[in-house]
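**Q** Next up, my_file_9.cif (mmCIF, C-alpha atoms and all ligand atoms).
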data_structure
loop_
_atom_site.label_atom_id
_atom_site.label_comp_id
_atom_site.auth_asym_id
_atom_site.auth_seq_id
_atom_site.Cartn_x
_atom_site.Cartn_y
_atom_site.Cartn_z
CA MET A 1 0.00 0.00 0.00
CA ASP A 2 1.50 3.38 -0.96
CA LYS A 3 1.39 6.49 1.26
CA ASN A 4 -1.70 7.96 -0.42
CA GLU A 5 -3.64 4.73 -0.11
CA LEU A 6 -2.60 4.41 3.52
CA GLN A 7 -3.72 7.96 4.19
CA LYS A 8 -7.14 7.18 2.68
CA VAL A 9 -7.49 4.13 4.92
CA MET A 10 -6.53 6.18 7.98
CA GLU A 11 -9.05 8.85 6.95
CA TYR A 12 -11.74 6.18 6.74
CA PHE A 13 -10.96 4.94 10.26
CA ASN A 14 -10.81 8.48 11.66
CA SER A 15 -14.11 9.55 10.13
CA ARG A 16 -16.28 6.43 10.22
CA ARG A 17 -19.62 6.59 12.05
CA SER A 18 -22.43 4.22 12.86
CA ILE A 19 -25.43 4.66 10.58
CA ARG A 20 -28.99 4.20 11.81
CA LYS A 21 -31.04 5.43 8.80
CA PHE A 22 -30.97 3.55 5.52
CA GLU A 23 -32.22 3.98 1.97
CA ASP A 24 -35.07 1.74 0.90
CA ARG A 25 -32.70 -0.23 -1.32
CA GLU A 26 -31.57 -3.85 -1.11
CA ILE A 27 -27.96 -4.96 -0.84
CA GLU A 28 -27.21 -7.21 -3.78
CA SER A 29 -26.50 -10.79 -2.64
CA ASN A 30 -23.23 -10.91 -4.58
CA LEU A 31 -21.92 -7.82 -2.80
CA LEU A 32 -23.02 -9.06 0.61
CA ASN A 33 -21.42 -12.45 0.01
CA THR A 34 -18.20 -10.80 -1.16
CA ILE A 35 -18.08 -8.83 2.10
CA LEU A 36 -18.96 -11.82 4.28
CA GLU A 37 -16.35 -13.97 2.53
CA CYS A 38 -13.57 -11.38 2.67
CA ALA A 39 -14.27 -10.96 6.41
CA MET A 40 -13.58 -14.69 6.84
CA LYS A 41 -9.88 -13.83 6.52
CA ALA A 42 -10.17 -12.49 10.08
CA PRO A 43 -7.97 -14.29 12.60
CA THR A 44 -9.77 -16.93 14.66
CA CYS A 45 -8.88 -19.12 17.61
CA GLY A 46 -6.78 -22.00 16.22
CA ASN A 47 -8.33 -21.18 12.82
CA MET A 48 -11.41 -23.05 14.05
CA GLN A 49 -13.72 -20.26 12.76
CA LEU A 50 -16.09 -20.46 15.68
CA TYR A 51 -18.79 -18.15 14.31
CA SER A 52 -21.81 -18.13 12.03
CA VAL A 53 -23.90 -15.38 10.53
CA VAL A 54 -27.65 -15.50 9.96
CA ILE A 55 -28.83 -13.14 7.23
CA THR A 56 -32.31 -11.70 7.71
CA ARG A 57 -33.93 -9.97 4.73
CA ASP A 58 -37.50 -11.31 4.91
CA ALA A 59 -39.84 -8.52 6.04
CA ASP A 60 -41.91 -10.64 8.45
CA ARG A 61 -38.89 -12.18 10.12
CA LYS A 62 -37.17 -8.78 10.23
CA ALA A 63 -40.21 -7.35 12.03
CA LYS A 64 -40.05 -10.14 14.62
CA LEU A 65 -36.30 -9.76 15.01
CA SER A 66 -36.62 -5.97 15.29
CA GLU A 67 -39.05 -6.40 18.17
CA LEU A 68 -36.38 -8.40 19.99
CA HIS A 69 -34.02 -5.48 19.37
CA PHE A 70 -36.60 -3.16 20.97
CA ASN A 71 -37.43 -1.72 17.50
CA GLN A 72 -34.32 0.43 17.56
CA PRO A 73 -34.02 2.95 14.69
CA ALA A 74 -31.29 0.95 12.91
CA CYS A 75 -33.71 -1.99 12.54
CA GLY A 76 -35.04 -0.24 9.41
CA ALA A 77 -31.98 -1.55 7.53
CA PRO A 78 -32.66 -3.84 4.54
CA VAL A 79 -30.47 -6.55 6.09
CA LEU A 80 -29.89 -7.63 9.67
CA LEU A 81 -26.86 -9.84 10.20
CA THR A 82 -26.94 -11.86 13.39
CA ILE A 83 -23.38 -12.83 14.22
CA CYS A 84 -23.18 -15.88 16.44
CA ALA A 85 -20.54 -17.55 18.53
CA ASP A 86 -20.72 -21.10 17.16
CA PHE A 87 -19.15 -24.19 18.66
CA ASN A 88 -21.92 -26.41 17.25
CA ARG A 89 -20.45 -26.96 13.77
CA PHE A 90 -16.97 -27.74 15.10
CA THR A 91 -18.26 -30.05 17.84
CA ARG A 92 -20.39 -31.98 15.35
CA TRP A 93 -17.39 -32.38 13.03
CA CYS A 94 -15.39 -33.79 15.95
CA GLU A 95 -18.19 -36.14 17.01
CA ILE A 96 -18.76 -37.43 13.47
CA SER A 97 -15.00 -37.97 13.25
CA ASP A 98 -14.86 -39.95 16.52
CA ALA A 99 -12.87 -37.14 18.21
CA ASP A 100 -13.45 -36.38 21.91
CA ALA A 101 -14.90 -32.83 21.75
CA ALA A 102 -15.06 -30.92 25.06
CA TYR A 103 -16.32 -27.51 24.01
CA ASN A 104 -19.48 -27.15 26.08
CA ASN A 105 -17.70 -25.06 28.70
CA PHE A 106 -16.96 -21.44 29.54
CA LEU A 107 -13.39 -21.48 28.21
CA SER A 108 -14.66 -22.55 24.79
CA PHE A 109 -17.41 -19.95 24.99
CA THR A 110 -14.82 -17.18 25.34
CA SER A 111 -13.02 -18.47 22.23
CA ALA A 112 -16.21 -18.57 20.15
CA PHE A 113 -17.29 -15.17 21.49
CA ALA A 114 -13.95 -13.63 20.51
CA ASP A 115 -14.05 -15.20 17.02
CA ALA A 116 -17.59 -13.94 16.43
CA ILE A 117 -16.89 -10.39 17.57
CA ILE A 118 -13.69 -10.14 15.53
CA TYR A 119 -15.58 -11.46 12.48
CA ALA A 120 -18.37 -8.94 13.11
CA GLN A 121 -15.94 -6.04 13.15
CA GLN A 122 -14.23 -7.29 10.00
CA VAL A 123 -17.64 -7.43 8.25
CA THR A 124 -18.41 -3.92 9.48
CA THR A 125 -15.12 -2.46 8.26
CA ILE A 126 -15.28 -4.11 4.83
CA ALA A 127 -18.94 -3.13 4.38
CA GLU A 128 -18.18 0.48 5.28
CA LEU A 129 -15.25 0.52 2.84
CA HIS A 130 -17.80 -0.49 0.17
CA GLY A 131 -19.90 2.58 1.06
CA LEU A 132 -22.49 0.73 3.12
CA GLY A 133 -23.67 1.98 6.50
CA THR A 134 -23.65 -0.25 9.55
CA CYS A 135 -24.77 -0.23 13.15
CA TYR A 136 -24.21 -2.84 15.82
CA LEU A 137 -27.20 -3.88 17.88
CA GLY A 138 -25.88 -5.10 21.20
CA THR A 139 -29.42 -6.09 22.10
CA ALA A 140 -28.62 -9.41 20.39
CA ILE A 141 -27.20 -10.39 23.77
CA TYR A 142 -30.06 -8.98 25.83
CA ASN A 143 -32.57 -11.19 24.04
CA ALA A 144 -30.22 -13.98 22.99
CA PRO A 145 -32.58 -16.85 23.99
CA GLU A 146 -35.53 -15.37 22.09
CA ILE A 147 -33.37 -14.56 19.04
CA ALA A 148 -31.97 -18.09 19.13
CA GLY A 149 -35.57 -19.39 19.04
CA LEU A 150 -36.57 -17.16 16.12
CA LEU A 151 -33.48 -17.99 14.06
CA LYS A 152 -33.55 -21.68 15.04
CA LEU A 153 -30.03 -21.64 16.49
CA PRO A 154 -28.96 -25.06 17.79
CA GLN A 155 -27.08 -25.71 21.05
CA LEU A 156 -23.65 -24.08 21.37
CA VAL A 157 -24.68 -21.24 19.07
CA MET A 158 -25.25 -17.86 20.68
CA PRO A 159 -26.02 -14.53 19.00
CA VAL A 160 -23.37 -12.05 20.14
CA ALA A 161 -24.08 -9.07 17.89
CA CYS A 162 -26.46 -7.95 15.22
CA ILE A 163 -25.20 -5.71 12.45
CA ALA A 164 -27.85 -3.58 10.75
CA ILE A 165 -26.51 -2.91 7.28
CA GLY A 166 -27.66 -0.99 4.24
CA TRP A 167 -27.08 2.03 2.01
CA PRO A 168 -26.80 5.09 4.27
CA ALA A 169 -29.55 7.71 4.29
CA GLU A 170 -27.75 9.91 6.82
CA GLU A 171 -24.21 11.02 7.56
CA GLY A 172 -24.29 9.72 11.10
CA VAL A 173 -23.54 11.59 14.26
CA PRO A 174 -19.92 12.45 15.13
CA THR A 175 -18.97 10.85 18.44
CA GLU A 176 -16.21 11.70 20.87
CA ARG A 177 -13.51 9.40 22.21
CA LEU A 178 -11.41 9.24 25.36
CA PRO A 179 -7.88 10.61 24.92
CA LEU A 180 -5.24 8.04 23.97
CA ARG A 181 -3.63 8.25 27.41
CA ALA A 182 -6.84 6.87 28.94
CA VAL A 183 -6.43 3.52 27.28
CA ILE A 184 -2.68 2.96 27.04
CA HIS A 185 -0.52 1.72 29.87
CA GLU A 186 3.25 1.63 29.52
CA GLU A 187 4.53 -1.79 30.59
CA GLU A 188 2.24 -2.04 33.63
CA TYR A 189 -1.32 -0.96 34.31
CA ARG A 190 -1.40 2.55 35.80
CA VAL A 191 -4.23 2.91 38.31
CA ASP A 192 -5.32 6.54 38.11
CA GLY A 193 -6.51 8.60 41.06
CA ASP A 194 -9.98 10.15 41.16
CA GLU A 195 -8.72 13.48 39.77
CA GLU A 196 -7.05 11.78 36.81
CA ILE A 197 -10.15 9.70 36.07
CA LEU A 198 -12.29 12.84 36.02
CA GLU A 199 -9.73 14.51 33.75
CA LEU A 200 -9.83 11.56 31.32
CA PHE A 201 -13.60 11.88 30.99
CA LYS A 202 -13.58 15.71 30.88
CA GLU A 203 -13.63 15.95 27.10
CA LYS A 204 -16.62 13.60 26.97
CA GLU A 205 -18.43 15.59 29.64
CA ASP A 206 -17.69 18.89 27.86
CA TYR A 207 -18.84 17.61 24.46
CA ALA A 208 -21.91 19.74 23.65
CA PRO A 209 -24.27 16.87 22.64
CA ASN A 210 -23.37 15.07 25.88
CA ARG A 211 -24.05 18.19 27.96
CA GLN A 212 -27.46 18.38 26.30
CA TYR A 213 -27.98 14.70 27.00
CA VAL A 214 -27.46 15.33 30.73
CA ILE A 215 -30.00 18.17 30.68
CA ASP A 216 -32.54 16.15 28.66
CA ASN A 217 -32.31 13.29 31.13
CA ASN A 218 -32.55 15.57 34.14
CA LYS A 219 -29.34 14.17 35.64
CA LYS A 220 -26.35 15.81 37.35
CA ASN A 221 -23.66 14.44 35.07
CA LEU A 222 -22.91 12.12 32.16
CA ALA A 223 -21.95 9.18 34.37
CA GLN A 224 -25.44 9.26 35.86
CA VAL A 225 -26.99 9.20 32.39
CA PHE A 226 -24.99 6.06 31.55
CA ALA A 227 -25.38 4.24 34.86
CA GLU A 228 -28.93 5.25 35.72
CA VAL A 229 -30.65 5.77 32.35
CA ARG A 230 -28.87 4.01 29.47
CA TYR A 231 -27.42 0.92 31.12
CA PRO A 232 -29.02 0.81 34.58
CA ARG A 233 -28.86 -1.84 37.28
CA ASN A 234 -32.56 -2.74 36.87
CA LEU A 235 -31.86 -3.83 33.28
CA ASN A 236 -28.30 -5.17 33.63
CA GLU A 237 -29.04 -7.56 36.47
CA PRO A 238 -32.15 -9.35 35.13
CA PHE A 239 -30.81 -9.56 31.56
CA SER A 240 -27.54 -10.95 32.91
CA ALA A 241 -29.39 -13.54 35.00
CA LYS A 242 -31.48 -14.55 31.95
CA LEU A 243 -28.32 -15.03 29.89
CA ILE A 244 -26.61 -17.13 32.55
CA ASP A 245 -29.73 -19.31 32.89
CA TRP A 246 -29.87 -19.87 29.15
CA LEU A 247 -26.15 -20.59 28.74
CA SER A 248 -25.78 -22.73 31.88
CA PRO A 249 -26.72 -26.11 30.37
CA THR A 250 -24.20 -25.68 27.55
CA PHE A 251 -21.52 -23.02 27.57
CA LEU A 252 -21.29 -22.18 31.28
CA ARG A 253 -19.91 -25.47 32.56
C1 LIG A 301 -21.03 -4.21 21.07
C2 LIG A 301 -21.75 -2.99 20.54
C3 LIG A 301 -23.10 -2.83 20.77
C4 LIG A 301 -23.79 -1.74 20.25
N1 LIG A 301 -25.15 -1.68 20.39
C5 LIG A 301 -25.83 -0.67 19.82
C6 LIG A 301 -27.24 -0.66 19.88
O1 LIG A 301 -27.88 -1.55 20.44
N2 LIG A 301 -27.88 0.38 19.26
C7 LIG A 301 -27.21 1.37 18.59
O2 LIG A 301 -27.87 2.28 18.04
N3 LIG A 301 -25.86 1.39 18.53
C8 LIG A 301 -25.16 0.38 19.11
N4 LIG A 301 -23.79 0.35 19.02
C9 LIG A 301 -23.08 1.43 18.31
C10 LIG A 301 -22.43 2.38 19.32
O3 LIG A 301 -23.43 3.13 19.96
C11 LIG A 301 -21.43 3.27 18.57
O4 LIG A 301 -20.44 2.50 17.97
C12 LIG A 301 -20.77 4.28 19.52
O5 LIG A 301 -21.72 5.16 20.06
C13 LIG A 301 -19.71 5.12 18.79
O6 LIG A 301 -20.28 5.75 17.66
P1 LIG A 301 -19.71 5.54 16.19
O7 LIG A 301 -19.74 4.07 15.87
O8 LIG A 301 -20.60 6.35 15.29
O9 LIG A 301 -18.30 6.07 16.22
C14 LIG A 301 -23.08 -0.73 19.54
C15 LIG A 301 -21.71 -0.88 19.32
C16 LIG A 301 -21.05 -1.99 19.81
C17 LIG A 301 -19.58 -2.16 19.52
#
Show the structure stored in the file as structure tokens.
Ligand SMILES: Cc1cc2nc3c(=O)[nH]c(=O)nc-3n(C[C@H](O)[C@H](O)[C@H](O)COP(=O)(O)O)c2cc1C
**A**
Amino acid sequence: MDKNELQKVMEYFNSRRSIRKFEDREIESNLLNTILECAMKAPTCGNMQLYSVVITRDADRKAKLSELHFNQPACGAPVLLTICADFNRFTRWCEISDADAAYNNFLSFTSAFADAIIYAQQVTTIAELHGLGTCYLGTAIYNAPEIAGLLKLPQLVMPVACIAIGWPAEEGVPTERLPLRAVIHEEEYRVDGDEEILELFKEKEDYAPNRQYVIDNNKKNLAQVFAEVRYPRNLNEPFSAKLIDWLSPTFLR
């Protein structure tokens, strides 16, 4: 890759945004398959490729799936890709081959989860480079059992992310990031004091849309909006318990 090409790639990464509004226009199967296949070059645990993707285009099924994603705005995309951690295919191959497969446990779950998420991000990046818009729907995990039922996922297959994908009908909203020093640690983890932590989040708190967000939600600060409105205890705890219950017979052993 020459310098100009590299600069273009860096520009893409620096300017990309999630898209939640889409044109009423299909994604051609050939293009989608090209993206999904190219993404398969992603690294995976032991090259076992412990993921699957369920493509939803059908309007009725999309409506049912959207409900399980709380009818979020991005559900209006022409295609919803449910990316799943999948140890079913590999386990079956082992069993058919008279190999002693021990993958119904938490360690194996973390491998399949990692493979699926890395694949999802590869799909997202390649799709965006083709001019498509994408948005993750983390609600795939909130309603994993129900989504598994709708998409007929067998044992050892868990939805870990949904990617809403289509031709963008908006530019997307610019979002802020923590400063680099917040996330890097030289050689050993640096545990910051309270003042430093507040300083790291200052830019986020000062970002005008976030200040408005605090006012709109009638809260004292941004942390309260996150912890008490967006991702509150009364949602986290029951959804977590539901997930553990569902995974216990298979992956959580
Ligand atoms: C695991 C994961 C789950 C997400 N879930 C949702 C979601 O349910 N709904 C949504 O609108 N965006 C979702 N997003 C998108 C984030 O809100 C978005 O990436 C973040 O705000 C930064 O914005 P940007 O992607 O435009 O830079 C999710 C992203 C990730 C990585």
**Q** With only C-alpha atoms and all ligand atoms counted and 7 Å as the cut-off, give the residues of chain A in contact with ligand LIG 301 (chain A), each with its shortest interatomic distance in Å and the pair that gives it, as a tab-separated table.
**A**
residue	atom	partner	partner_atom	distance
A:Arg16	CA	A:LIG301	O9	6.3
A:Arg17	CA	A:LIG301	O8	3.4
A:Ser18	CA	A:LIG301	O8	3.7
A:Ile19	CA	A:LIG301	O8	7.0
A:Arg20	CA	A:LIG301	O2	6.6
A:Gln72	CA	A:LIG301	N2	6.7
A:Ala74	CA	A:LIG301	O2	6.3
A:Cys135	CA	A:LIG301	C9	5.7
A:Tyr136	CA	A:LIG301	C14	4.4
A:Leu137	CA	A:LIG301	O1	3.5
A:Gly138	CA	A:LIG301	N1	3.6
A:Thr139	CA	A:LIG301	O1	5.1
A:Ala161	CA	A:LIG301	C1	6.6
A:Gly172	CA	A:LIG301	O8	6.5
A:Val173	CA	A:LIG301	O8	6.1
A:Pro174	CA	A:LIG301	O8	6.1
A:Thr175	CA	A:LIG301	O9	5.3
**Q** Measuring between all atoms listed in the file, which one of A:Glu186, A:Asp2, A:Glu128, A:Asp60 shows the shortest distance to Gly166 in chain A?
**A**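 So, comparing all the options, the nearest one is A:Glu128.
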**Q** Report, in Å with one decimal, the straight-line distance from CA of Ala42 in chain A to CA of Asp115 in chain A.
**A** 8.4 Å
**Q** Pick from A:Glu205, A:Asp216, A:Glu199, A:Glu146: nearest to Leu65 in chain A, with only C-alpha atoms counted?
**A**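 Result for the nearest residue to Leu65 in chain A: A:Glu146.
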**Q** Can you tell me, as a CSV table (one decimal) with C-alpha atoms, in the coordinates of the input, what residues are no more than 7 Å from Pro168 in chain A when counting all atoms listed in the file, ignoring any on the same chain fewer than 4 positions away?
**A**
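Generated file (around.csv):
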chain,number,residue,atom,x,y,z
A,19,ILE,CA,-25.4,4.7,10.6
A,21,LYS,CA,-31.0,5.4,8.8
A,22,PHE,CA,-31.0,3.6,5.5
A,23,GLU,CA,-32.2,4.0,2.0
A,132,LEU,CA,-22.5,0.7,3.1
A,133,GLY,CA,-23.7,2.0,6.5
**Q** Between A:Ala140, A:Ala120, A:Cys38, A:Ala164, which is the closest to Leu80 in chain A once you count all atoms listed in the file?
**A** A:Ala164
**Q** Here is a test: counting only C-alpha atoms, which residue of A:Leu222, A:Thr124, A:Ser15, A:Tyr231 is nearest to Glu171 in chain A?
**A** A:Ser15
**Q** For Ile163 in chain A, which residue out of A:Ala114, A:Val54, A:Glu188, A:Arg233 is the nearest one, using all atoms listed in the file?
**A** A:Val54
**Q** Could you give me, as a list in words, the residues within 12 Å of Tyr207 in chain A, counting all atoms listed in the file and dropping anything in the same chain fewer than 3 positions from it?
**A**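 Using all atoms listed in the file, the neighbours found are Pro174, Thr175, Glu176, Arg177, Leu178, Phe201, Lys202, Glu203, Lys204, Asn210, Arg211, Gln212, Tyr213, Val214 and Leu222 of chain A.
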**Q** Please determine, counting only C-alpha atoms, which residue among A:Ile197, A:Asn234, A:Ala116, A:Leu107 has the shortest atom-to-atom distance to Leu252 in chain A.
**A**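 Counting only C-alpha atoms, the residue closest to Leu252 in chain A is A:Leu107.
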**Q** So the first atom is CA of Ile117 in chain A and the second is CA of Leu36 in chain A; what is the distance between them in Å, to one decimal place?
**A**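 Computed distance, CA of Ile117 in chain A to CA of Leu36 in chain A, equals 13.5 Å.
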**Q** Env of Lys152 in chain A: 12 Å cut, atoms = only C-alpha atoms, seq-sep filter 6 positions within chain, self excluded. Answer as a list in words.
**A**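 In the requested format, the answer is Val54, Arg61, Thr82, Cys84, Ala144, Pro145, Glu146, Met158 and Pro159 of chain A.
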**Q** So how far away is CA of Leu247 in chain A from CA of Leu68 in chain A, in Å?
**A**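 CA of Leu247 in chain A lies at a distance of 18.2 Å from CA of Leu68 in chain A.
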**Q** May I have the residues at most 12 Å from (-17.9, -24.3, 14.7) in the file's coordinates, counting all atoms listed in the file, as an MDAnalysis selection string?
**A** chainID A and resid 44:53 84:94 101 103:104 108:109 111:113 115:116 154:158
**Q** Keeping only C-alpha atoms, write those residues as a short mmCIF file (atom, residue, chain, number, x, y, z; two decimals), in the coordinates of the input.
**A**
data_model
loop_
_atom_site.label_atom_id
_atom_site.label_comp_id
_atom_site.auth_asym_id
_atom_site.auth_seq_id
_atom_site.Cartn_x
_atom_site.Cartn_y
_atom_site.Cartn_z
CA THR A 44 -9.77 -16.93 14.66
CA CYS A 45 -8.88 -19.12 17.61
CA GLY A 46 -6.78 -22.00 16.22
CA ASN A 47 -8.33 -21.18 12.82
CA MET A 48 -11.41 -23.05 14.05
CA GLN A 49 -13.72 -20.26 12.76
CA LEU A 50 -16.09 -20.46 15.68
CA TYR A 51 -18.79 -18.15 14.31
CA SER A 52 -21.81 -18.13 12.03
CA VAL A 53 -23.90 -15.38 10.53
CA CYS A 84 -23.18 -15.88 16.44
CA ALA A 85 -20.54 -17.55 18.53
CA ASP A 86 -20.72 -21.10 17.16
CA PHE A 87 -19.15 -24.19 18.66
CA ASN A 88 -21.92 -26.41 17.25
CA ARG A 89 -20.45 -26.96 13.77
CA PHE A 90 -16.97 -27.74 15.10
CA THR A 91 -18.26 -30.05 17.84
CA ARG A 92 -20.39 -31.98 15.35
CA TRP A 93 -17.39 -32.38 13.03
CA CYS A 94 -15.39 -33.79 15.95
CA ALA A 101 -14.90 -32.83 21.75
CA TYR A 103 -16.32 -27.51 24.01
CA ASN A 104 -19.48 -27.15 26.08
CA SER A 108 -14.66 -22.55 24.79
CA PHE A 109 -17.41 -19.95 24.99
CA SER A 111 -13.02 -18.47 22.23
CA ALA A 112 -16.21 -18.57 20.15
CA PHE A 113 -17.29 -15.17 21.49
CA ASP A 115 -14.05 -15.20 17.02
CA ALA A 116 -17.59 -13.94 16.43
CA PRO A 154 -28.96 -25.06 17.79
CA GLN A 155 -27.08 -25.71 21.05
CA LEU A 156 -23.65 -24.08 21.37
CA VAL A 157 -24.68 -21.24 19.07
CA MET A 158 -25.25 -17.86 20.68
#
**Q** Show which residues sit within 10 Å of Leu180 in chain A, as a ChimeraX atom specification. Count only C-alpha atoms, and ignore same-chain residues fewer than 4 positions away.
**A** /A:184-185,200
**Q** At a cut-off of 9 Å, using all atoms listed in the file, what residues contact Lys62 in chain A? Leave out same-chain residues fewer than 6 positions from it and give the result as a PyMOL selection string.
**A** chain A and resi 56+75-76+78-80
